[in-house]
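Structure data follow from upload01.pdb (PDB, C-alpha atoms):
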ATOM      1  CA  MET A 124      -9.891  90.371  57.409
ATOM      2  CA  GLU A 125      -8.010  89.254  54.275
ATOM      3  CA  ARG A 126      -7.267  85.859  55.812
ATOM      4  CA  PHE A 127     -11.016  85.059  55.729
ATOM      5  CA  ARG A 128     -11.371  85.712  52.016
ATOM      6  CA  SER A 129      -9.690  82.632  50.535
ATOM      7  CA  ASP A 130     -12.360  80.172  51.682
ATOM      8  CA  ALA A 131     -15.011  81.896  53.759
ATOM      9  CA  THR A 132     -17.428  78.962  53.941
ATOM     10  CA  ARG A 133     -14.894  76.149  54.457
ATOM     11  CA  ASN A 134     -16.268  75.206  57.885
ATOM     12  CA  ALA A 135     -19.932  76.076  57.292
ATOM     13  CA  MET A 136     -21.090  72.500  57.835
ATOM     14  CA  ASP A 137     -19.091  71.977  61.033
ATOM     15  CA  PRO A 138     -20.061  74.394  63.830
ATOM     16  CA  TYR A 139     -17.106  73.274  65.977
ATOM     17  CA  ALA A 140     -14.632  74.112  63.203
ATOM     18  CA  THR A 141     -16.451  77.386  62.532
ATOM     19  CA  LEU A 142     -15.881  78.472  66.152
ATOM     20  CA  ASN A 143     -12.411  76.858  66.291
ATOM     21  CA  VAL A 144     -13.261  74.697  69.321
ATOM     22  CA  SER A 145     -13.008  70.972  69.970
ATOM     23  CA  LYS A 146     -16.042  68.722  70.154
ATOM     24  CA  SER A 147     -15.405  68.334  73.876
ATOM     25  CA  ALA A 148     -15.458  72.114  74.505
ATOM     26  CA  SER A 149     -17.475  73.318  77.473
ATOM     27  CA  ALA A 150     -20.353  75.795  77.136
ATOM     28  CA  ALA A 151     -18.100  78.533  78.552
ATOM     29  CA  GLU A 152     -15.361  77.784  76.003
ATOM     30  CA  ILE A 153     -17.896  77.910  73.154
ATOM     31  CA  LYS A 154     -19.200  81.275  74.356
ATOM     32  CA  ARG A 155     -15.683  82.726  74.671
ATOM     33  CA  ALA A 156     -14.829  81.568  71.162
ATOM     34  CA  TYR A 157     -18.020  83.115  69.822
ATOM     35  CA  ARG A 158     -17.359  86.453  71.561
ATOM     36  CA  ARG A 159     -13.905  86.684  69.994
ATOM     37  CA  LEU A 160     -15.042  85.881  66.473
ATOM     38  CA  ALA A 161     -18.307  87.848  66.553
ATOM     39  CA  LYS A 162     -16.587  91.043  67.658
ATOM     40  CA  GLU A 163     -13.902  90.546  65.029
ATOM     41  CA  LEU A 164     -16.341  89.935  62.182
ATOM     42  CA  HIS A 165     -19.245  92.239  62.995
ATOM     43  CA  PRO A 166     -20.541  93.926  59.799
ATOM     44  CA  ASP A 167     -20.443  97.400  61.338
ATOM     45  CA  LEU A 168     -16.683  96.976  61.692
ATOM     46  CA  ASN A 169     -16.390  95.604  58.160
ATOM     47  CA  PRO A 170     -18.796  97.644  56.015
ATOM     48  CA  ASN A 171     -19.543  96.529  52.437
ATOM     49  CA  ASP A 172     -17.657  93.259  52.863
ATOM     50  CA  PRO A 173     -19.967  90.377  51.852
ATOM     51  CA  ILE A 174     -17.384  87.672  52.543
ATOM     52  CA  VAL A 175     -16.815  88.756  56.128
ATOM     53  CA  GLU A 176     -20.560  89.241  56.511
ATOM     54  CA  ARG A 177     -21.104  85.629  55.435
ATOM     55  CA  ARG A 178     -18.431  84.453  57.854
ATOM     56  CA  PHE A 179     -20.184  86.405  60.623
ATOM     57  CA  LYS A 180     -23.468  84.671  59.817
ATOM     58  CA  ASP A 181     -21.763  81.260  59.914
ATOM     59  CA  VAL A 182     -20.267  82.030  63.320
ATOM     60  CA  SER A 183     -23.647  83.205  64.644
ATOM     61  CA  GLN A 184     -25.388  80.126  63.303
ATOM     62  CA  ALA A 185     -22.771  77.812  64.824
ATOM     63  CA  TYR A 186     -23.177  79.475  68.204
ATOM     64  CA  ASN A 187     -26.975  79.286  68.059
ATOM     65  CA  LEU A 188     -26.711  75.531  67.570
ATOM     66  CA  LEU A 189     -23.934  74.707  70.056
ATOM     67  CA  ALA A 190     -25.231  77.027  72.784
ATOM     68  CA  ASP A 191     -28.471  75.050  72.857
ATOM     69  CA  GLU A 192     -27.794  71.871  74.843
ATOM     70  CA  GLU A 193     -30.459  69.807  73.114
ATOM     71  CA  LYS A 194     -29.565  70.983  69.609
ATOM     72  CA  ARG A 195     -25.894  70.254  70.303
ATOM     73  CA  ARG A 196     -26.747  66.747  71.489
ATOM     74  CA  ARG A 197     -28.847  66.075  68.408
ATOM     75  CA  PHE A 198     -26.159  67.448  66.070
ATOM     76  CA  ASP A 199     -23.487  65.296  67.726
ATOM     77  CA  ALA A 200     -25.801  62.292  67.313
ATOM     78  CA  GLY A 201     -26.295  63.077  63.620
ATOM     79  CA  GLU A 202     -30.007  63.769  64.031
ATOM     80  CA  ILE A 203     -29.878  67.323  62.665
ATOM     81  CA  ASP A 204     -27.546  69.204  60.376
ATOM     82  CA  ALA A 205     -25.514  72.361  61.000
ATOM     83  CA  ASN A 206     -28.617  74.443  60.261
ATOM     84  CA  GLY A 207     -30.530  72.680  63.030
ATOM     85  CA  GLN A 208     -32.812  71.019  60.500
ATOM     86  CA  GLU A 209     -33.792  67.379  60.107
ATOM     87  CA  ARG A 210     -32.803  67.733  56.475
ATOM     88  CA  ALA A 211     -30.561  70.230  54.772
ATOM     89  CA  GLN A 212     -32.469  73.514  54.650
ATOM     90  CA  ARG A 213     -31.601  77.156  54.588
ATOM     91  CA  GLY A 214     -33.885  78.384  57.326
ATOM     92  CA  PHE A 215     -31.239  80.602  58.804
ATOM     93  CA  TYR A 216     -30.592  82.428  55.564
ATOM     94  CA  ARG A 217     -34.296  82.750  54.758
ATOM     95  CA  SER A 218     -34.895  84.349  58.156
ATOM     96  CA  TYR A 219     -31.991  86.636  57.481
ATOM     97  CA  SER A 220     -33.369  87.603  54.092
ATOM     98  CA  SER A 221     -36.873  88.202  55.440
ATOM     99  CA  ALA A 222     -35.396  90.535  58.023
ATOM    100  CA  GLY A 223     -34.218  92.787  55.220
ATOM    101  CA  GLY A 224     -30.696  91.445  54.807
ATOM    102  CA  GLY A 225     -29.450  92.777  58.122
ATOM    103  CA  GLY A 226     -29.433  96.276  56.786
ATOM    104  CA  GLY A 227     -29.809  98.174  60.016
ATOM    105  CA  GLY A 228     -29.604  96.120  63.165
ATOM    106  CA  PHE A 229     -28.890  92.712  64.623
ATOM    107  CA  SER A 230     -32.162  90.939  63.769
ATOM    108  CA  GLY A 231     -30.764  89.520  60.549
ATOM    109  CA  PHE A 232     -28.168  87.572  62.511
ATOM    110  CA  GLY A 233     -30.444  85.907  65.028
ATOM    111  CA  PHE A 234     -29.922  88.194  68.041
ATOM    112  CA  ASP A 235     -33.591  88.971  68.731
ATOM    113  CA  HIS A 236     -34.200  85.852  70.795
ATOM    114  CA  ASP A 237     -30.867  85.530  72.566
ATOM    115  CA  PRO A 238     -30.006  88.064  75.311
ATOM    116  CA  ASP A 239     -26.497  86.603  75.628
ATOM    117  CA  GLN A 240     -25.714  87.524  72.043
ATOM    118  CA  ARG A 241     -27.009  91.066  72.480
ATOM    119  CA  ASP A 242     -24.938  91.453  75.660
ATOM    120  CA  ILE A 243     -21.826  90.371  73.843
ATOM    121  CA  PHE A 244     -21.941  93.486  71.684
ATOM    122  CA  SER A 245     -22.946  95.967  74.357
ATOM    123  CA  ASP A 246     -19.314  96.690  75.232
ATOM    124  CA  LEU A 247     -18.394  96.920  71.552
ATOM    125  CA  PHE A 248     -20.660  99.832  70.777
ATOM    126  CA  SER A 249     -21.244 101.578  74.129
ATOM    127  CA  GLY A 250     -19.254 104.492  75.501
ATOM    128  CA  ARG A 251     -18.118 105.666  72.082
ATOM    129  CA  ARG A 252     -18.567 109.283  71.010
ATOM    130  CA  GLY A 253     -21.282 109.551  68.363
ATOM    131  CA  GLY A 254     -21.647 105.770  68.239
ATOM    132  CA  ARG A 255     -19.949 105.144  64.898
ATOM    133  CA  GLU A 256     -16.669 106.873  65.670
ATOM    134  CA  GLY A 257     -15.423 103.995  67.793
ATOM    135  CA  ARG A 258     -16.547 101.303  65.399
ATOM    136  CA  PHE A 259     -13.669 101.875  63.047
ATOM    137  CA  GLY A 260     -10.961 102.545  65.622
ATOM    138  CA  LYS A 261      -7.722 100.592  65.669
ATOM    139  CA  ARG A 262      -8.066  97.339  67.590
ATOM    140  CA  ARG A 263      -5.648  94.465  68.085
ATOM    141  CA  GLY A 264      -6.797  91.115  66.734
ATOM    142  CA  SER A 265      -7.722  88.259  69.054
ATOM    143  CA  ASP A 266      -5.253  85.582  70.088
ATOM    144  CA  VAL A 267      -5.902  81.988  69.055
ATOM    145  CA  THR A 268      -4.853  78.758  70.722
ATOM    146  CA  TYR A 269      -3.959  75.385  69.238
ATOM    147  CA  THR A 270      -2.605  72.057  70.458
ATOM    148  CA  ILE A 271      -0.105  69.899  68.599
ATOM    149  CA  LYS A 272       0.832  66.345  69.489
ATOM    150  CA  ILE A 273       4.405  65.179  68.937
ATOM    151  CA  ASP A 274       6.292  62.020  69.802
ATOM    152  CA  PHE A 275       9.063  61.672  72.407
ATOM    153  CA  LEU A 276      11.962  61.847  69.945
ATOM    154  CA  GLU A 277      10.546  64.936  68.204
ATOM    155  CA  ALA A 278      10.416  66.679  71.585
ATOM    156  CA  ALA A 279      13.903  65.528  72.532
ATOM    157  CA  ASN A 280      15.602  66.422  69.247
ATOM    158  CA  GLY A 281      13.384  69.238  67.957
ATOM    159  CA  ALA A 282      11.066  69.071  64.958
ATOM    160  CA  ARG A 283       9.198  71.097  62.371
ATOM    161  CA  LYS A 284       5.444  70.509  62.450
ATOM    162  CA  ARG A 285       2.739  71.814  60.129
ATOM    163  CA  ILE A 286      -0.586  72.965  61.585
ATOM    164  CA  GLN A 287      -3.741  74.330  59.997
ATOM    165  CA  LEU A 288      -5.053  77.615  61.344
ATOM    166  CA  ALA A 289      -8.699  78.512  61.833
ATOM    167  CA  ASP A 290      -8.717  80.618  58.664
ATOM    168  CA  GLY A 291      -7.506  77.726  56.506
ATOM    169  CA  ARG A 292      -3.854  78.739  56.305
ATOM    170  CA  THR A 293      -1.120  76.241  57.105
ATOM    171  CA  LEU A 294       1.819  77.210  59.272
ATOM    172  CA  ASP A 295       5.131  75.453  59.916
ATOM    173  CA  VAL A 296       6.014  75.494  63.613
ATOM    174  CA  ASN A 297       9.576  74.977  64.818
ATOM    175  CA  VAL A 298       9.452  72.811  67.946
ATOM    176  CA  PRO A 299      12.661  73.563  69.893
ATOM    177  CA  THR A 300      14.982  70.823  71.079
ATOM    178  CA  GLY A 301      14.186  69.583  74.565
ATOM    179  CA  ILE A 302      10.691  71.069  74.895
ATOM    180  CA  GLU A 303       8.679  69.661  77.804
ATOM    181  CA  ASP A 304       5.141  68.325  77.817
ATOM    182  CA  GLY A 305       2.509  71.035  78.281
ATOM    183  CA  LYS A 306       4.757  73.934  77.288
ATOM    184  CA  THR A 307       3.278  76.661  75.072
ATOM    185  CA  LEU A 308       4.920  78.303  72.069
ATOM    186  CA  ARG A 309       3.965  81.850  71.106
ATOM    187  CA  LEU A 310       3.812  82.801  67.429
ATOM    188  CA  LYS A 311       3.610  86.573  67.269
ATOM    189  CA  GLY A 312       1.186  88.016  64.754
ATOM    190  CA  GLN A 313      -0.320  84.656  63.730
ATOM    191  CA  GLY A 314      -3.679  85.183  65.454
ATOM    192  CA  LEU A 315      -6.772  86.933  64.085
ATOM    193  CA  SER A 316      -6.349  90.138  62.081
ATOM    194  CA  GLY A 317      -6.669  93.489  63.803
ATOM    195  CA  VAL A 318      -9.374  96.060  63.069
ATOM    196  CA  GLY A 319      -8.746  99.453  61.504
ATOM    197  CA  GLY A 320      -5.051  98.768  60.967
ATOM    198  CA  GLY A 321      -4.500  97.257  64.409
ATOM    199  CA  GLU A 322      -1.889  94.555  64.770
ATOM    200  CA  SER A 323      -2.826  90.883  64.526
ATOM    201  CA  GLY A 324      -3.167  88.770  67.627
ATOM    202  CA  ASP A 325      -0.822  85.937  68.492
ATOM    203  CA  ALA A 326      -1.124  82.180  68.160
ATOM    204  CA  PHE A 327      -0.341  80.079  71.223
ATOM    205  CA  ILE A 328       0.632  76.469  70.520
ATOM    206  CA  THR A 329       0.467  74.005  73.421
ATOM    207  CA  VAL A 330       2.665  70.935  72.969
ATOM    208  CA  GLU A 331       1.505  67.468  74.013
ATOM    209  CA  ILE A 332       4.187  64.751  74.023
ATOM    210  CA  ALA A 333       3.155  61.140  73.508
ATOM    211  CA  PRO A 334       4.814  58.586  75.811
ATOM    212  CA  HIS A 335       7.592  56.470  74.317
ATOM    213  CA  ALA A 336       7.677  52.682  74.210
ATOM    214  CA  PHE A 337      10.800  52.501  76.404
ATOM    215  CA  PHE A 338      12.319  55.960  76.994
ATOM    216  CA  ARG A 339      11.349  57.998  80.071
ATOM    217  CA  ARG A 340      12.354  61.575  80.774
ATOM    218  CA  GLU A 341      13.367  62.979  84.152
ATOM    219  CA  GLY A 342      14.564  66.548  83.775
ATOM    220  CA  GLN A 343      17.271  66.506  81.114
ATOM    221  CA  ASN A 344      18.078  62.842  81.719
ATOM    222  CA  VAL A 345      16.682  59.879  79.827
ATOM    223  CA  HIS A 346      16.002  56.516  81.492
ATOM    224  CA  VAL A 347      15.614  53.147  79.813
ATOM    225  CA  ASP A 348      15.253  49.556  81.035
ATOM    226  CA  LEU A 349      17.534  47.270  79.015
ATOM    227  CA  PRO A 350      16.889  43.502  78.906
ATOM    228  CA  VAL A 351      20.118  41.447  79.105
ATOM    229  CA  THR A 352      20.660  37.702  79.105
ATOM    230  CA  LEU A 353      21.884  35.749  82.094
ATOM    231  CA  SER A 354      25.210  35.074  80.422
ATOM    232  CA  GLU A 355      25.672  38.760  79.495
ATOM    233  CA  ALA A 356      25.146  39.700  83.143
ATOM    234  CA  VAL A 357      27.366  36.934  84.583
ATOM    235  CA  ILE A 358      30.192  36.912  82.051
ATOM    236  CA  GLY A 359      29.967  40.499  80.805
ATOM    237  CA  ALA A 360      29.344  41.641  77.252
ATOM    238  CA  THR A 361      29.184  44.557  74.845
ATOM    239  CA  VAL A 362      25.561  45.238  73.953
ATOM    240  CA  SER A 363      23.646  47.673  71.748
ATOM    241  CA  VAL A 364      21.632  50.342  73.599
ATOM    242  CA  PRO A 365      19.000  52.722  72.128
ATOM    243  CA  THR A 366      19.477  56.452  72.709
ATOM    244  CA  ILE A 367      17.635  59.508  71.388
ATOM    245  CA  ASP A 368      20.463  59.790  68.811
ATOM    246  CA  GLY A 369      20.311  56.146  67.743
ATOM    247  CA  GLN A 370      21.975  52.905  68.816
ATOM    248  CA  VAL A 371      25.298  52.970  70.697
ATOM    249  CA  SER A 372      27.512  50.235  72.150
ATOM    250  CA  MET A 373      27.833  49.800  75.915
ATOM    251  CA  ARG A 374      29.911  47.434  78.033
ATOM    252  CA  VAL A 375      28.016  45.374  80.620
ATOM    253  CA  PRO A 376      30.497  44.505  83.410
ATOM    254  CA  ALA A 377      30.852  40.859  84.433
ATOM    255  CA  GLY A 378      28.791  39.988  87.488
ATOM    256  CA  SER A 379      26.137  42.670  86.874
ATOM    257  CA  ASN A 380      22.878  42.292  88.745
ATOM    258  CA  SER A 381      19.375  42.882  87.494
ATOM    259  CA  GLY A 382      18.593  46.468  88.556
ATOM    260  CA  SER A 383      22.156  47.716  88.113
ATOM    261  CA  VAL A 384      22.203  51.164  86.474
ATOM    262  CA  LEU A 385      24.861  52.247  83.989
ATOM    263  CA  ARG A 386      25.318  55.816  82.739
ATOM    264  CA  LEU A 387      25.873  57.019  79.200
ATOM    265  CA  ARG A 388      27.283  60.510  79.681
ATOM    266  CA  GLY A 389      25.901  63.247  77.415
ATOM    267  CA  LYS A 390      23.241  61.036  75.815
ATOM    268  CA  GLY A 391      20.293  62.806  77.430
ATOM    269  CA  ILE A 392      18.287  65.850  76.364
ATOM    270  CA  ARG A 393      19.853  69.232  75.635
ATOM    271  CA  ASP A 394      18.909  72.003  78.071
ATOM    272  CA  GLN A 395      17.222  74.904  76.255
ATOM    273  CA  LYS A 396      18.913  77.491  78.476
ATOM    274  CA  ASP A 397      22.580  76.477  78.669
ATOM    275  CA  GLY A 398      22.775  73.907  75.861
ATOM    276  CA  VAL A 399      24.224  71.217  78.160
ATOM    277  CA  ARG A 400      22.974  67.699  77.555
ATOM    278  CA  GLY A 401      21.839  65.379  80.299
ATOM    279  CA  ASP A 402      22.774  61.714  80.572
ATOM    280  CA  GLU A 403      21.085  58.437  79.767
ATOM    281  CA  TYR A 404      20.670  55.955  82.619
ATOM    282  CA  VAL A 405      20.427  52.314  81.579
ATOM    283  CA  LYS A 406      18.880  49.903  84.070
ATOM    284  CA  LEU A 407      19.805  46.257  83.456
ATOM    285  CA  VAL A 408      16.969  43.748  83.568
ATOM    286  CA  ILE A 409      18.134  40.103  83.461
ATOM    287  CA  THR A 410      15.669  38.290  81.267
ATOM    288  CA  LEU A 411      15.399  34.526  80.867
ATOM    289  CA  PRO A 412      14.214  32.844  77.663
ATOM    290  CA  ASP A 413      10.482  32.293  77.306
ATOM    291  CA  LYS A 414      11.149  28.567  77.475
ATOM    292  CA  THR A 415      13.748  27.520  80.049
ATOM    293  CA  ASP A 416      16.458  25.247  78.702
ATOM    294  CA  ASP A 417      16.778  21.893  80.525
ATOM    295  CA  ARG A 418      20.547  22.250  80.653
ATOM    296  CA  LEU A 419      20.264  25.653  82.314
ATOM    297  CA  ARG A 420      17.812  24.268  84.869
ATOM    298  CA  GLN A 421      20.168  21.376  85.656
ATOM    299  CA  PHE A 422      23.178  23.660  85.942
ATOM    300  CA  VAL A 423      21.437  26.068  88.325
ATOM    301  CA  THR A 424      20.187  23.178  90.451
ATOM    302  CA  GLU A 425      23.698  21.769  90.832
ATOM    303  CA  TRP A 426      25.192  25.217  91.380
ATOM    304  CA  GLU A 427      22.823  26.089  94.209
ATOM    305  CA  LYS A 428      23.718  22.942  96.131
ATOM    306  CA  GLY A 429      27.166  24.320  96.864
ATOM    307  CA  GLN A 430      26.252  28.019  96.853
ATOM    308  CA  PRO A 431      23.299  28.625  99.219
ATOM    309  CA  TYR A 432      22.145  32.166  98.503
ATOM    310  CA  ASN A 433      19.094  34.135  99.653
ATOM    311  CA  PRO A 434      19.001  37.684  98.186
ATOM    312  CA  ARG A 435      15.895  38.598 100.235
ATOM    313  CA  ARG A 436      17.687  37.855 103.497
ATOM    314  CA  LYS A 437      20.708  39.836 102.325
ATOM    315  CA  SER A 438      18.515  42.877 101.636
ATOM    316  CA  GLY A 439      16.739  42.602 105.007
ATOM    317  CA  MET A 440      13.391  41.671 103.461
ATOM    318  CA  GLU A 441      13.413  38.221 105.075
ATOM    319  CA  THR A 442      14.591  37.229 108.577
ATOM    320  CA  GLY A 443      14.967  33.983 110.521
TER     321      GLY A 443
END
Please render this file's structure as structure tokens.
Amino acid sequence: MERFRSDATRNAMDPYATLNVSKSASAAEIKRAYRRLAKELHPDLNPNDPIVERRFKDVSQAYNLLADEEKRRRFDAGEIDANGQERAQRGFYRSYSSAGGGGGGFSGFGFDHDPDQRDIFSDLFSGRRGGREGRFGKRRGSDVTYTIKIDFLEAANGARKRIQLADGRTLDVNVPTGIEDGKTLRLKGQGLSGVGGGESGDAFITVEIAPHAFFRREGQNVHVDLPVTLSEAVIGATVSVPTIDGQVSMRVPAGSNSGSVLRLRGKGIRDQKDGVRGDEYVKLVITLPDKTDDRLRQFVTEWEKGQPYNPRRKSGMETG
């Protein structure tokens, strides 16, 4: 439990942070989080440890508030504080003190009125020879889960991101090149500490990738729509194109149509398995100026007189 010692009351005023859940967590998610932490921090598993005991009380208090639908609503609305009081009070700790400091049972931690909380510990202490023998056995620590949000280029090229763990520690996470949205990274031994010398749990980091302004990913390939002028499409030109590595030059062939797709080989995303990079596909989009030039309008009008052309009929979208 050493990782709880540096700042045991850091999240005391935020029950969501205390339980390491989001404010949108469901009742089931809150209960699961409480079960993990309460079993990990129970005083009978950590005798004569006042810091862990205080952390256990904070976790119990947070659960008492968030498990009550009305109290949770009022806390979210700012009507009550983390103690469930209209004003900052220490009712929880006074009730704990009046119960004799939690010396023998669970009453000091608010279990008397909540059958769910008593049930949570039934499997912790039942079926053990002599009762206390199992309390100090070796147990693996609980796993923890986090979510990090990264941008498109960080996912494509890899990145190093810093996250804050539930115990207040910070951890640098290496995001591998080419990771996909929704994938989970496993950090062995970065979860909650084990009991009685048991190994620590793991941390699981789910990656969320923000959409890019113009890049789209399909497998290992990158797609982008590139605006080009009418003259660049008709006459041909060398234009600058964005890639995940930066700008590169690309030749637009003369007579290119809007919708034509050009390929930049090897400018896609590197495959995590074989290291081979995909390609970038550039779709040309002929774009006119915001304000049409009178000379251009006159030229097109004269040109069409001798060059009747109906692209919809050519594509079969119009008949007759």
Straight-line distance linking atom CA of A:Tyr404 with atom CA of A:Leu387, stated in Å to one decimal
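Between atom CA of A:Tyr404 and atom CA of A:Leu387 the gap is 6.3 Å.
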Once the PyMOL selection byres ((chain A and resi 344-361) around 7) is applied to the coordinates I shared, what remains selected? I want it as a PyMOL selection string.
chain A and resi 337-343+362+372-380+391-392+401-411
To one decimal place in Å, what is the distance between atom CA of A:His165 and atom CA of A:Gln313?
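It comes out at 20.4 Å.
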State, in Å with one decimal place, the distance from atom CA of A:Glu163 to atom CA of A:Val144.
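Atom-to-atom, atom CA of A:Glu163 and atom CA of A:Val144 are spaced 16.4 Å apart.
Closest approach to A:Lys162 from the set A:Val364, A:Val175, A:Ile273, A:Ile302 is made by A:Val175, with distances taken over all atoms listed in the file.
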Output the residue selection produced by the PyMOL selection byres ((chain A and resi 265-272) around 6) on the file above, formatted as JSON, numbers by chain.
{"A": [264, 273, 314, 315, 324, 325, 326, 327, 328, 329, 330, 331, 332]}
The selected residues should be written to file as a PDB file, in the frame of the given file (atoms: C-alpha atoms).
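Result written to again.pdb:
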ATOM      1  CA  GLY A 264      -6.797  91.115  66.734  1.00  0.00           C
ATOM      2  CA  ILE A 273       4.405  65.179  68.937  1.00  0.00           C
ATOM      3  CA  GLY A 314      -3.679  85.183  65.454  1.00  0.00           C
ATOM      4  CA  LEU A 315      -6.772  86.933  64.085  1.00  0.00           C
ATOM      5  CA  GLY A 324      -3.167  88.770  67.627  1.00  0.00           C
ATOM      6  CA  ASP A 325      -0.822  85.937  68.492  1.00  0.00           C
ATOM      7  CA  ALA A 326      -1.124  82.180  68.160  1.00  0.00           C
ATOM      8  CA  PHE A 327      -0.341  80.079  71.223  1.00  0.00           C
ATOM      9  CA  ILE A 328       0.632  76.469  70.520  1.00  0.00           C
ATOM     10  CA  THR A 329       0.467  74.005  73.421  1.00  0.00           C
ATOM     11  CA  VAL A 330       2.665  70.935  72.969  1.00  0.00           C
ATOM     12  CA  GLU A 331       1.505  67.468  74.013  1.00  0.00           C
ATOM     13  CA  ILE A 332       4.187  64.751  74.023  1.00  0.00           C
TER      14      ILE A 332
END
Could you spell out the hits of the PyMOL selection byres ((chain A and resi 297-299) around 6) on the shown file, as a VMD selection string?
chain A and resid 281 to 283 296 300 302
Between A:Pro138, A:Gly320, A:Gly369, A:Gly398, single out the one closest to A:Asn187, counting all atoms listed in the file.
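Among A:Pro138, A:Gly320, A:Gly369, A:Gly398, it is A:Pro138 that comes nearest to A:Asn187.
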Nearby residues (all atoms listed in the file) at most 6 Å from A:Gly321, same-chain spacing under 6 positions excluded, as a count of residues only:
3
Selection: 8 Å around stretch 189-198 of chain A, all atoms listed in the file, excl. self and same-chain fewer than 3 positions, as an MDAnalysis selection string
chainID A and resid 138 150 153:154 185:186 201:205 207
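Of the listed residues (A:Asp274, A:Glu176, A:Glu427, A:Asp181), A:Asp181 comes nearest to A:Asp137; the distances count only C-alpha atoms.
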